[in-house]
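Heads up: the structure comes next, in structure tokens.
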Amino acid sequence: MAFTSRLLSRSKQLYSGQIILKQEHVVPVRFFAKEAAPPALKGDEMLKNIFLEVKKKFDTALGVLRKEKITINPDDPAAVAQYAKVMKTVREKADLFSESQRIQYTIQTRTQGIPDARTYLLTLKEIRIKRGLTDDLGAEDMMMDALEKVENEIKKPLLRSDKKGMALLIAEFDKINKKLGIRREDLPKYEEQLELKIAKGQLEELKKDALEAMETQKKREEFKDEEMVDVKSLDIRNFI
């Protein structure tokens, strides 16, 4: 069951902002708007609802994993694609966030109440770094340069409530997207690429966990003469 827990832990990590890979550079205008917080619940009621919701999601995820075969082979594109497909099914049936949706939510909650564009962009950078993501295209520097240009033009710090100034900044961001070859209509493709990258990384972690578990077991007297099986031959459904 410990191995299953690791797998479920991986699935929980699948919870875009449009701030990752190529996706990260299409800055969603709606995130500059402030949203009302959901109504508060009383302590006991809130804890009970959380427990029931988590249990429901856990049981749903287990149900999917009992049916779908996962091959622990991060070097096989077909195995990676199948794993990503299974995790997508888990998310859809258990109503979990995808990685891009999770980051979108993080952006919305972390930036709520930030009054100025500069702090907003710096917060996006902080989120990216904390999640271990890279800005391979150098878009963050371009976005900060665009902000400098707009602030020099309006001769003051740009506030998110400044509709005219924000329109100028979004226009500059559109130029950056065009320069980098990023189109809003391609966002689903970028999200799919992200999910495959995440799936490969999680399969690598599962492979590492499985090898460590087998190495530990082999040290026990009753298993010392047994040969380790190929990780690719393991059927996770047998561990659930």
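Each chain of the structure tokens is named A, B, ... in the order shown, its residues numbered from 1; ligands are numbered from 1 in display order.
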
Show which residues sit within 10 Å of range 151-153 of chain A, as a PDB file with N, CA and C atoms, in the first residue's frame. Count only C-alpha atoms, and ignore same-chain residues fewer than 2 positions away.
ATOM      1  N   ALA A 117       1.296  46.399 -11.225  1.00  0.00           N
ATOM      2  CA  ALA A 117       1.698  45.411 -12.226  1.00  0.00           C
ATOM      3  C   ALA A 117       3.084  44.835 -11.943  1.00  0.00           C
ATOM      4  N   ARG A 118       3.978  45.645 -11.417  1.00  0.00           N
ATOM      5  CA  ARG A 118       5.349  45.170 -11.178  1.00  0.00           C
ATOM      6  C   ARG A 118       5.371  44.064 -10.112  1.00  0.00           C
ATOM      7  N   ASP A 145      10.779  44.420 -19.292  1.00  0.00           N
ATOM      8  CA  ASP A 145      11.176  45.515 -20.181  1.00  0.00           C
ATOM      9  C   ASP A 145       9.939  46.234 -20.724  1.00  0.00           C
ATOM     10  N   ALA A 146       8.902  45.441 -21.054  1.00  0.00           N
ATOM     11  CA  ALA A 146       7.659  46.026 -21.550  1.00  0.00           C
ATOM     12  C   ALA A 146       7.014  46.898 -20.475  1.00  0.00           C
ATOM     13  N   LEU A 147       7.070  46.442 -19.222  1.00  0.00           N
ATOM     14  CA  LEU A 147       6.516  47.229 -18.122  1.00  0.00           C
ATOM     15  C   LEU A 147       7.293  48.527 -17.945  1.00  0.00           C
ATOM     16  N   GLU A 148       8.622  48.448 -18.027  1.00  0.00           N
ATOM     17  CA  GLU A 148       9.459  49.650 -17.928  1.00  0.00           C
ATOM     18  C   GLU A 148       9.060  50.659 -19.007  1.00  0.00           C
ATOM     19  N   LYS A 149       8.847  50.143 -20.209  1.00  0.00           N
ATOM     20  CA  LYS A 149       8.478  51.017 -21.336  1.00  0.00           C
ATOM     21  C   LYS A 149       7.155  51.729 -21.065  1.00  0.00           C
ATOM     22  N   LYS A 155       4.746  57.771 -17.011  1.00  0.00           N
ATOM     23  CA  LYS A 155       5.490  58.543 -16.008  1.00  0.00           C
ATOM     24  C   LYS A 155       5.034  58.283 -14.556  1.00  0.00           C
ATOM     25  N   LYS A 156       4.698  57.015 -14.286  1.00  0.00           N
ATOM     26  CA  LYS A 156       4.334  56.624 -12.917  1.00  0.00           C
ATOM     27  C   LYS A 156       4.244  55.096 -12.857  1.00  0.00           C
ATOM     28  N   PRO A 157       4.295  54.522 -11.649  1.00  0.00           N
ATOM     29  CA  PRO A 157       4.128  53.067 -11.530  1.00  0.00           C
ATOM     30  C   PRO A 157       2.766  52.653 -12.073  1.00  0.00           C
ATOM     31  N   LEU A 158       2.721  51.536 -12.769  1.00  0.00           N
ATOM     32  CA  LEU A 158       1.471  51.066 -13.376  1.00  0.00           C
ATOM     33  C   LEU A 158       0.649  50.278 -12.356  1.00  0.00           C
ATOM     34  N   LEU A 159      -0.561  50.753 -12.103  1.00  0.00           N
ATOM     35  CA  LEU A 159      -1.483  50.061 -11.223  1.00  0.00           C
ATOM     36  C   LEU A 159      -2.407  49.163 -12.044  1.00  0.00           C
ATOM     37  N   GLY A 165      -3.500  52.250 -18.877  1.00  0.00           N
ATOM     38  CA  GLY A 165      -2.120  51.781 -18.769  1.00  0.00           C
ATOM     39  C   GLY A 165      -2.012  50.282 -18.960  1.00  0.00           C
ATOM     40  N   LEU A 168      -2.097  49.307 -22.535  1.00  0.00           N
ATOM     41  CA  LEU A 168      -0.791  49.498 -23.175  1.00  0.00           C
ATOM     42  C   LEU A 168       0.126  48.308 -22.884  1.00  0.00           C
ATOM     43  N   LEU A 169       0.108  47.835 -21.633  1.00  0.00           N
ATOM     44  CA  LEU A 169       0.964  46.715 -21.250  1.00  0.00           C
ATOM     45  C   LEU A 169       0.547  45.430 -21.960  1.00  0.00           C
TER      46      LEU A 169
END

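One finds CA of Lys57 in chain A at 22.8 Å from CA of Ala81 in chain A.
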
Sort by chain and increasing residue number a table of all residues of range 119-199 of chain A within 8 Å of range 92-115 of chain A, each with its closest pair of atoms and their distance in Å to one decimal, counting only C-alpha atoms, and write it as a tab-separated table.
residue	atom	partner	partner_atom	distance
A:Thr119	CA	A:Ile114	CA	6.9
A:Tyr120	CA	A:Thr111	CA	6.2
A:Thr123	CA	A:Thr111	CA	7.1
A:Leu124	CA	A:Ile107	CA	6.9
A:Ile127	CA	A:Ile107	CA	7.6
A:Leu159	CA	A:Pro115	CA	5.8
A:Arg160	CA	A:Pro115	CA	5.8
A:Ser161	CA	A:Pro115	CA	7.3
A:Glu191	CA	A:Ser100	CA	6.8
A:Glu195	CA	A:Glu99	CA	7.2

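Distance annotation: of A:Met228, A:Glu185, A:Val150, A:Arg128, the residue with the minimal separation from Ala213 in chain A is A:Met228; atom set is only C-alpha atoms.
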
Glu215 in chain A environment, 10 Å, only C-alpha atoms, sequence neighbours closer than 5 positions dropped, as an mmCIF file with C-alpha atoms, in the first residue's frame:
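Written file, result-v1.cif:
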data_model
loop_
_atom_site.group_PDB
_atom_site.id
_atom_site.type_symbol
_atom_site.label_atom_id
_atom_site.label_comp_id
_atom_site.auth_asym_id
_atom_site.auth_seq_id
_atom_site.Cartn_x
_atom_site.Cartn_y
_atom_site.Cartn_z
ATOM 1 C CA ASP A 209 10.701 4.377 -5.561
ATOM 2 C CA ALA A 210 10.132 0.871 -6.936
ATOM 3 C CA ARG A 220 15.978 -9.362 3.957
ATOM 4 C CA LYS A 224 18.366 -12.537 -0.687
ATOM 5 C CA MET A 228 15.012 -8.391 -8.823
#

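The space between CA of Asp136 in chain A and CA of Leu194 in chain A spans 13.6 Å.
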
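Within the 8 Å cut-off around range 59-61 of chain A, using only C-alpha atoms and omitting residues fewer than 4 positions from it on the same chain, the listed residues are Leu8, Lys55, Leu65, Val90, Arg91, Lys93 and Ala94 of chain A.
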
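Interatomic distance, CA of Gln82 in chain A against CA of Thr134 in chain A: 25.4 Å.
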
Notebook entry, point to check: Which one of A:Asp76, A:Asp174, A:Glu227, A:Asp44 sits closest to Ala199 in chain A if you count only C-alpha atoms?
Noted result: A:Asp76

Item checked: Contact residues around Glu140 in chain A with only C-alpha atoms at 8 Å, ignoring same-chain residues under 3 positions, as a PyMOL selection string -> chain A and resi 25+125+135+143-144

Item checked: All helix (DSSP H, G or I) positions in range 3-230 of chain A, as a PyMOL selection string -> chain A and resi 3-12+23-25+29-32+43-67+77-94+99-111+117-130+139-154+163-180+184-218+221-223

What does the file look like for those residues with C-alpha atoms, as a compact mmCIF listing (two decimals), in the first residue's frame?
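Resulting contents of out.txt:
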# COMPACT_ATOMS: atom_id res chain seq x y z
CA PHE A 3 3.79 2.10 -3.14
CA THR A 4 0.17 2.95 -3.98
CA SER A 5 0.33 5.95 -1.67
CA ARG A 6 3.35 7.21 -3.58
CA LEU A 7 1.43 6.83 -6.84
CA LEU A 8 -1.57 8.69 -5.47
CA SER A 9 0.78 11.36 -4.19
CA ARG A 10 2.06 11.77 -7.73
CA SER A 11 -1.50 12.12 -9.01
CA LYS A 12 -2.22 14.86 -6.46
CA GLN A 23 2.18 28.82 -21.94
CA GLU A 24 3.66 30.91 -19.21
CA HIS A 25 4.15 33.90 -21.45
CA VAL A 29 -5.87 39.69 -18.54
CA ARG A 30 -8.58 38.41 -16.18
CA PHE A 31 -5.98 37.68 -13.50
CA PHE A 32 -5.52 41.42 -13.04
CA GLY A 43 -15.10 25.12 11.79
CA ASP A 44 -16.70 21.71 12.36
CA GLU A 45 -18.78 21.86 9.22
CA MET A 46 -15.79 22.91 7.16
CA LEU A 47 -13.58 20.09 8.52
CA LYS A 48 -16.30 17.51 7.93
CA ASN A 49 -16.83 18.69 4.34
CA ILE A 50 -13.09 18.63 3.68
CA PHE A 51 -12.75 15.10 5.05
CA LEU A 52 -15.66 13.77 3.00
CA GLU A 53 -14.43 15.49 -0.14
CA VAL A 54 -10.87 14.17 0.23
CA LYS A 55 -12.15 10.64 0.93
CA LYS A 56 -14.39 10.77 -2.12
CA LYS A 57 -11.54 11.90 -4.36
CA PHE A 58 -9.17 9.28 -2.90
CA ASP A 59 -11.67 6.45 -3.46
CA THR A 60 -12.37 7.65 -6.99
CA ALA A 61 -8.66 7.80 -7.82
CA LEU A 62 -8.14 4.29 -6.44
CA GLY A 63 -11.03 3.03 -8.55
CA VAL A 64 -9.37 4.32 -11.72
CA LEU A 65 -5.93 2.97 -10.79
CA ARG A 66 -7.38 -0.48 -10.12
CA LYS A 67 -8.59 -0.66 -13.72
CA PRO A 77 7.03 7.68 -25.01
CA ALA A 78 4.05 5.31 -25.29
CA ALA A 79 4.27 4.45 -21.57
CA VAL A 80 4.55 8.15 -20.69
CA ALA A 81 1.52 8.97 -22.84
CA GLN A 82 -0.49 6.15 -21.25
CA TYR A 83 0.46 7.30 -17.76
CA ALA A 84 -0.56 10.87 -18.64
CA LYS A 85 -3.86 9.53 -19.98
CA VAL A 86 -4.54 7.57 -16.78
CA MET A 87 -3.72 10.57 -14.61
CA LYS A 88 -6.02 12.73 -16.74
CA THR A 89 -8.80 10.19 -16.17
CA VAL A 90 -8.08 10.32 -12.42
CA ARG A 91 -8.31 14.12 -12.47
CA GLU A 92 -11.52 14.18 -14.48
CA LYS A 93 -13.32 11.53 -12.42
CA ALA A 94 -12.06 12.80 -9.05
CA GLU A 99 -1.04 21.13 -13.31
CA SER A 100 -1.90 24.17 -15.42
CA GLN A 101 -5.18 24.65 -13.53
CA ARG A 102 -3.37 24.30 -10.22
CA ILE A 103 -0.91 27.02 -11.18
CA GLN A 104 -3.77 29.16 -12.44
CA TYR A 105 -5.40 28.84 -9.03
CA THR A 106 -2.11 29.64 -7.29
CA ILE A 107 -1.73 32.75 -9.40
CA GLN A 108 -5.25 33.91 -8.64
CA THR A 109 -4.90 33.41 -4.89
CA ARG A 110 -1.34 34.73 -4.60
CA THR A 111 -1.95 37.85 -6.68
CA ALA A 117 1.70 45.41 -12.23
CA ARG A 118 5.35 45.17 -11.18
CA THR A 119 4.63 43.26 -7.96
CA TYR A 120 2.21 41.08 -9.91
CA LEU A 121 4.90 40.09 -12.44
CA LEU A 122 7.48 39.52 -9.70
CA THR A 123 5.00 37.26 -7.93
CA LEU A 124 4.52 35.24 -11.12
CA LYS A 125 8.28 34.79 -11.29
CA GLU A 126 8.38 33.70 -7.66
CA ILE A 127 5.65 31.10 -8.32
CA ARG A 128 7.55 29.76 -11.33
CA ILE A 129 10.80 29.41 -9.37
CA LYS A 130 9.13 27.71 -6.40
CA ALA A 139 10.05 35.98 -21.62
CA GLU A 140 10.11 37.30 -18.05
CA ASP A 141 12.85 39.80 -18.88
CA MET A 142 10.92 40.83 -21.97
CA MET A 143 7.78 41.37 -19.90
CA MET A 144 9.65 43.47 -17.34
CA ASP A 145 11.18 45.52 -20.18
CA ALA A 146 7.66 46.03 -21.55
CA LEU A 147 6.52 47.23 -18.12
CA GLU A 148 9.46 49.65 -17.93
CA LYS A 149 8.48 51.02 -21.34
CA VAL A 150 4.86 51.57 -20.31
CA GLU A 151 5.76 53.12 -16.94
CA ASN A 152 8.19 55.49 -18.67
CA GLU A 153 5.41 56.44 -21.05
CA ILE A 154 2.82 57.11 -18.35
CA LYS A 163 -7.34 50.46 -17.49
CA LYS A 164 -5.59 52.66 -20.04
CA GLY A 165 -2.12 51.78 -18.77
CA MET A 166 -2.96 48.06 -18.55
CA ALA A 167 -4.20 48.15 -22.14
CA LEU A 168 -0.79 49.50 -23.18
CA LEU A 169 0.96 46.72 -21.25
CA ILE A 170 -1.23 43.96 -22.69
CA ALA A 171 -0.51 45.32 -26.18
CA GLU A 172 3.23 45.03 -25.43
CA PHE A 173 2.71 41.47 -24.15
CA ASP A 174 0.91 40.61 -27.40
CA LYS A 175 4.00 41.79 -29.30
CA ILE A 176 6.17 39.53 -27.13
CA ASN A 177 3.90 36.55 -27.77
CA LYS A 178 4.06 37.21 -31.50
CA LYS A 179 7.86 37.49 -31.40
CA LEU A 180 8.11 34.19 -29.52
CA ARG A 184 -3.51 31.78 -27.70
CA GLU A 185 -5.20 29.15 -29.85
CA ASP A 186 -2.19 26.86 -29.25
CA LEU A 187 -2.56 26.90 -25.47
CA PRO A 188 -4.19 23.43 -25.33
CA LYS A 189 -1.15 22.05 -27.18
CA TYR A 190 1.24 23.71 -24.74
CA GLU A 191 -0.74 22.30 -21.81
CA GLU A 192 -0.56 18.81 -23.31
CA GLN A 193 3.21 19.16 -23.70
CA LEU A 194 3.44 20.24 -20.07
CA GLU A 195 1.37 17.27 -18.86
CA LEU A 196 3.60 14.84 -20.81
CA LYS A 197 6.70 16.42 -19.28
CA ILE A 198 5.19 16.08 -15.81
CA ALA A 199 4.11 12.49 -16.52
CA LYS A 200 7.65 11.54 -17.53
CA GLY A 201 9.06 13.09 -14.36
CA GLN A 202 6.55 11.29 -12.17
CA LEU A 203 7.26 7.95 -13.86
CA GLU A 204 10.95 8.52 -13.16
CA GLU A 205 10.10 9.07 -9.48
CA LEU A 206 7.92 5.94 -9.41
CA LYS A 207 10.74 3.93 -10.99
CA LYS A 208 13.15 5.23 -8.37
CA ASP A 209 10.70 4.38 -5.56
CA ALA A 210 10.13 0.87 -6.94
CA LEU A 211 13.85 0.16 -7.25
CA GLU A 212 14.51 1.41 -3.72
CA ALA A 213 11.69 -0.78 -2.37
CA MET A 214 13.06 -3.86 -4.13
CA GLU A 215 16.59 -3.15 -2.96
CA THR A 216 15.34 -2.90 0.62
CA GLN A 217 13.40 -6.14 0.30
CA LYS A 218 16.39 -7.96 -1.20
CA GLU A 221 17.15 -12.92 4.53
CA GLU A 222 14.14 -14.60 2.93
CA PHE A 223 14.57 -12.66 -0.32

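Shortest atom-to-atom contact with Asp116 in chain A among A:Glu226, A:Gly132, A:Asp162, A:Lys219: A:Asp162, counting only C-alpha atoms.
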